[in-house]
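Enquirer: Sharing a structure, written as C-alpha cells. Questions coming.
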Amino acid sequence: AQKVTQAQTEISVVEKEDVTLDCVYETRDTTYYLFWYKQPPSGELVFLIRRNSFDEQNEISGRYSWNFQKSTSSFNFTITASQVVDSAVYFCALVSGSARQLTFGSGTQLTVLP
Amino acid sequence: GAVVSQHPSWVICKSGTSVKIECRSLDFQATTMFWYRQFPKQSLMLMATSNEGSKATYEQGVEKDKFLINHASLTLSTLTVTSAHPEDSSFYICSARRAGGGQETQYFGPGTRLLVL
C-alpha cells in the first residue's frame, strides 16, 4: 500500500515570503517516484517535478526547490519569494513498485496575498 | 512537450442523459491513460486505468457499467457517463503516460466540468 500525506490544508503568505509545503509518503517498495503538481483555479494540473527513489539530490528550478529526504520519507517543496501567481493547490504524489498508479496527497491550498 | 487535451471542457446536461468525454495525447503516444474524478476542495480520485486495446481496470467502488471507458488508439481514450445523475456532477480529469517513457510521469488534461441538472 502507498500513501501520501500533506498535513497542511491551507497556507497563506504575503508576497515575497518564502513558503514550504510538506509532503510525507509511505511505501514498502524500494523503487518509487515522487511528484509535485500545481493546480491553479482553472483546474488544470501542471507537472512541476519528478524524483526517483535513487536520486536524493535536492533540486532547484528558479524560485522552486525540492528537498527529498529518504530518512524521513519526506519530499518538501519550497517556493522562494512567493508571488500572487503562485496561489494554487499543490499536490504531492507517489508511484511505487508494480502499482504504476499515482497516489495523491490531499493537497495544500496556497494563497499568496499581495 | 507532452500535451493532453480534453473535450468538452464544460458539460451541462439533464439527468438521465449520457455524456462522452474525450482525452487525447496530442504529441505523444500513450499506452496507458487514467481517469480521475475530483470533487470540490478534494484530491483527485482514480476511477480507472485504461490500456490501449484492452478493457479498463476500475477502482473499487466505481461502476464500470456507468462509467464506460474506451481506449481505441494510442492517442485517444473516452469516458462515457451513462444515465448521468446530479451526484455525478464533478470535475473529470484524464492523464496519459507516455509509451516507453520509463519515467512514470503522467501528463494531465485540462479537465471537464460536468454538471447534471
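Chains: A, B, ... in order of the C-alpha cells. Residues: from 1 per chain. Ligands: from 1, in order shown.
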Neighbouring residues of Met33 of chain B were defined as those with any atom within 10 Å, considering only C-alpha atoms; residues of the same chain fewer than 3 positions away were excluded. Please report them as a ChimeraX atom specification.
Expert: /B:23-25,30,48-52,56,71,74-78,94-98,106-108
Enquirer: Kindly provide, as a VMD selection string, the residues of chain B having any atom no farther than 10 Å from an atom of chain A, counting only C-alpha atoms.
Expert: chain B and resid 34 38 41 to 46 48 to 49 91 93 95 97 103 to 113
Enquirer: Quick one: pick out all strand (DSSP E or B) residues within segment 2-109 of chain B from a backbone DSSP run and write them as number ranges by chain.
Expert: B: 4-7, 10-13, 19-25, 30-38, 45-51, 57-58, 67-73, 76-81, 90-98, 106-108
Enquirer: Any chance you can output those residues with C-alpha atoms as a PDB file, in the first residue's frame?
Expert:
ATOM      1  CA  VAL B   4      -3.059  16.222 -23.330  1.00  0.00           C
ATOM      2  CA  SER B   5      -6.371  17.663 -24.403  1.00  0.00           C
ATOM      3  CA  GLN B   6      -9.877  17.014 -23.151  1.00  0.00           C
ATOM      4  CA  HIS B   7     -13.147  17.746 -24.808  1.00  0.00           C
ATOM      5  CA  TRP B  10     -17.750  22.071 -19.757  1.00  0.00           C
ATOM      6  CA  VAL B  11     -20.898  19.967 -19.927  1.00  0.00           C
ATOM      7  CA  ILE B  12     -24.336  20.726 -18.551  1.00  0.00           C
ATOM      8  CA  CYS B  13     -26.886  18.025 -19.109  1.00  0.00           C
ATOM      9  CA  VAL B  19     -22.139  12.278 -21.661  1.00  0.00           C
ATOM     10  CA  LYS B  20     -18.970  11.399 -23.532  1.00  0.00           C
ATOM     11  CA  ILE B  21     -15.629  12.959 -22.628  1.00  0.00           C
ATOM     12  CA  GLU B  22     -12.617  12.617 -24.904  1.00  0.00           C
ATOM     13  CA  CYS B  23      -8.996  12.579 -23.823  1.00  0.00           C
ATOM     14  CA  ARG B  24      -6.253  12.898 -26.414  1.00  0.00           C
ATOM     15  CA  SER B  25      -2.495  12.883 -26.224  1.00  0.00           C
ATOM     16  CA  ALA B  30       0.089   6.858 -24.590  1.00  0.00           C
ATOM     17  CA  THR B  31      -0.282   3.168 -23.916  1.00  0.00           C
ATOM     18  CA  THR B  32      -1.955   3.954 -20.634  1.00  0.00           C
ATOM     19  CA  MET B  33      -4.474   6.624 -19.785  1.00  0.00           C
ATOM     20  CA  PHE B  34      -6.077   7.301 -16.443  1.00  0.00           C
ATOM     21  CA  TRP B  35      -9.403   8.816 -15.483  1.00  0.00           C
ATOM     22  CA  TYR B  36      -9.811  10.746 -12.269  1.00  0.00           C
ATOM     23  CA  ARG B  37     -12.683  12.475 -10.562  1.00  0.00           C
ATOM     24  CA  GLN B  38     -12.287  15.450  -8.287  1.00  0.00           C
ATOM     25  CA  MET B  45      -9.521  10.055  -7.005  1.00  0.00           C
ATOM     26  CA  LEU B  46      -8.533   7.476  -9.581  1.00  0.00           C
ATOM     27  CA  MET B  47     -11.542   5.969 -11.293  1.00  0.00           C
ATOM     28  CA  ALA B  48      -9.957   3.645 -13.811  1.00  0.00           C
ATOM     29  CA  THR B  49      -6.839   2.764 -15.726  1.00  0.00           C
ATOM     30  CA  SER B  50      -7.183   2.360 -19.446  1.00  0.00           C
ATOM     31  CA  ASN B  51      -4.748   0.450 -21.607  1.00  0.00           C
ATOM     32  CA  THR B  57      -9.353  -1.597 -14.873  1.00  0.00           C
ATOM     33  CA  TYR B  58     -11.739   0.088 -12.484  1.00  0.00           C
ATOM     34  CA  PHE B  67     -18.549   4.865 -16.495  1.00  0.00           C
ATOM     35  CA  LEU B  68     -17.708   3.312 -19.837  1.00  0.00           C
ATOM     36  CA  ILE B  69     -14.127   3.670 -20.928  1.00  0.00           C
ATOM     37  CA  ASN B  70     -12.786   3.031 -24.388  1.00  0.00           C
ATOM     38  CA  HIS B  71      -9.120   3.308 -25.347  1.00  0.00           C
ATOM     39  CA  ALA B  72      -9.205   2.520 -29.037  1.00  0.00           C
ATOM     40  CA  SER B  73      -5.914   4.082 -30.071  1.00  0.00           C
ATOM     41  CA  LEU B  76      -7.445   8.628 -27.592  1.00  0.00           C
ATOM     42  CA  SER B  77      -9.450   7.439 -24.629  1.00  0.00           C
ATOM     43  CA  THR B  78     -13.088   8.213 -23.969  1.00  0.00           C
ATOM     44  CA  LEU B  79     -15.145   8.189 -20.800  1.00  0.00           C
ATOM     45  CA  THR B  80     -18.892   7.930 -21.146  1.00  0.00           C
ATOM     46  CA  VAL B  81     -21.024   8.717 -18.126  1.00  0.00           C
ATOM     47  CA  SER B  90     -17.818  16.616 -10.743  1.00  0.00           C
ATOM     48  CA  PHE B  91     -14.542  17.586 -12.369  1.00  0.00           C
ATOM     49  CA  TYR B  92     -13.261  14.736 -14.533  1.00  0.00           C
ATOM     50  CA  ILE B  93      -9.586  14.706 -15.413  1.00  0.00           C
ATOM     51  CA  CYS B  94      -7.686  12.365 -17.652  1.00  0.00           C
ATOM     52  CA  SER B  95      -3.983  11.756 -17.772  1.00  0.00           C
ATOM     53  CA  ALA B  96      -1.697   9.931 -20.146  1.00  0.00           C
ATOM     54  CA  ARG B  97       1.512   8.124 -19.531  1.00  0.00           C
ATOM     55  CA  ARG B  98       3.995   8.318 -22.351  1.00  0.00           C
ATOM     56  CA  GLN B 106       1.578  11.301 -16.118  1.00  0.00           C
ATOM     57  CA  TYR B 107       0.549  14.338 -18.098  1.00  0.00           C
ATOM     58  CA  PHE B 108      -2.863  15.696 -17.316  1.00  0.00           C
TER      59      PHE B 108
END
Enquirer: Find the residues near Cys23 of chain A: any atom within 8 Å, counting only C-alpha atoms, skip ones fewer than 3 places away on the same chain, and give them as a ChimeraX atom specification.
Expert: /A:4-7,74-77,92,105
Enquirer: Could you work out how far atom CA of Pro114 of chain A lies from atom CA of Leu48 of chain A, giving the answer in Å with one decimal?
Expert: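 Spanning atom CA of Leu48 of chain A to atom CA of Pro114 of chain A is a straight-line distance of 23.4 Å.
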Enquirer: Would you work out the distance separating atom CA of Thr20 of chain A from atom CA of Gly97 of chain A, expressed in Å to one decimal?
Expert: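 Atom CA of Gly97 of chain A lies at a distance of 27.8 Å from atom CA of Thr20 of chain A.
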Enquirer: For Pro41 of chain A, which of A:Val24, A:Val19, A:Ala88, A:Ala81 is the closest residue, counting only C-alpha atoms?
Expert: A:Ala88
Enquirer: Do you know which residues are at most 12 Å from Ser71 of chain A counting only C-alpha atoms, after dropping those on the same chain fewer than 5 positions away, and could you put them as a list in words?
Expert: Val24, Tyr25, Glu26, Ser53 and Glu56 of chain A
Enquirer: Those residues you just picked out, can you put them in a file as an mmCIF file, in the first residue's frame with N, CA, C and O atoms?
Expert:
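As written to disk, again-v2.cif reads:
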data_model
loop_
_atom_site.group_PDB
_atom_site.id
_atom_site.type_symbol
_atom_site.label_atom_id
_atom_site.label_comp_id
_atom_site.auth_asym_id
_atom_site.auth_seq_id
_atom_site.Cartn_x
_atom_site.Cartn_y
_atom_site.Cartn_z
ATOM 1 N N VAL A 24 4.805 13.928 3.110
ATOM 2 C CA VAL A 24 5.350 12.698 3.709
ATOM 3 C C VAL A 24 4.707 11.525 3.001
ATOM 4 O O VAL A 24 3.497 11.512 2.764
ATOM 5 N N TYR A 25 5.509 10.541 2.662
ATOM 6 C CA TYR A 25 4.980 9.411 1.893
ATOM 7 C C TYR A 25 5.258 8.091 2.599
ATOM 8 O O TYR A 25 6.143 8.005 3.452
ATOM 9 N N GLU A 26 4.487 7.099 2.213
ATOM 10 C CA GLU A 26 4.671 5.745 2.733
ATOM 11 C C GLU A 26 4.637 4.765 1.577
ATOM 12 O O GLU A 26 3.716 4.798 0.759
ATOM 13 N N SER A 53 13.466 7.292 -6.471
ATOM 14 C CA SER A 53 13.900 6.963 -5.117
ATOM 15 C C SER A 53 15.410 6.826 -4.978
ATOM 16 O O SER A 53 15.938 6.813 -3.870
ATOM 17 N N GLU A 56 18.615 11.296 -4.409
ATOM 18 C CA GLU A 56 18.259 12.147 -3.285
ATOM 19 C C GLU A 56 18.794 13.559 -3.412
ATOM 20 O O GLU A 56 18.701 14.355 -2.495
#
Enquirer: For the atom pair atom CA of Pro40 of chain B and atom CA of Leu110 of chain A, what is the interatomic distance in Å to one decimal place?
Expert: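 Distance between the two atoms: 15.6 Å.
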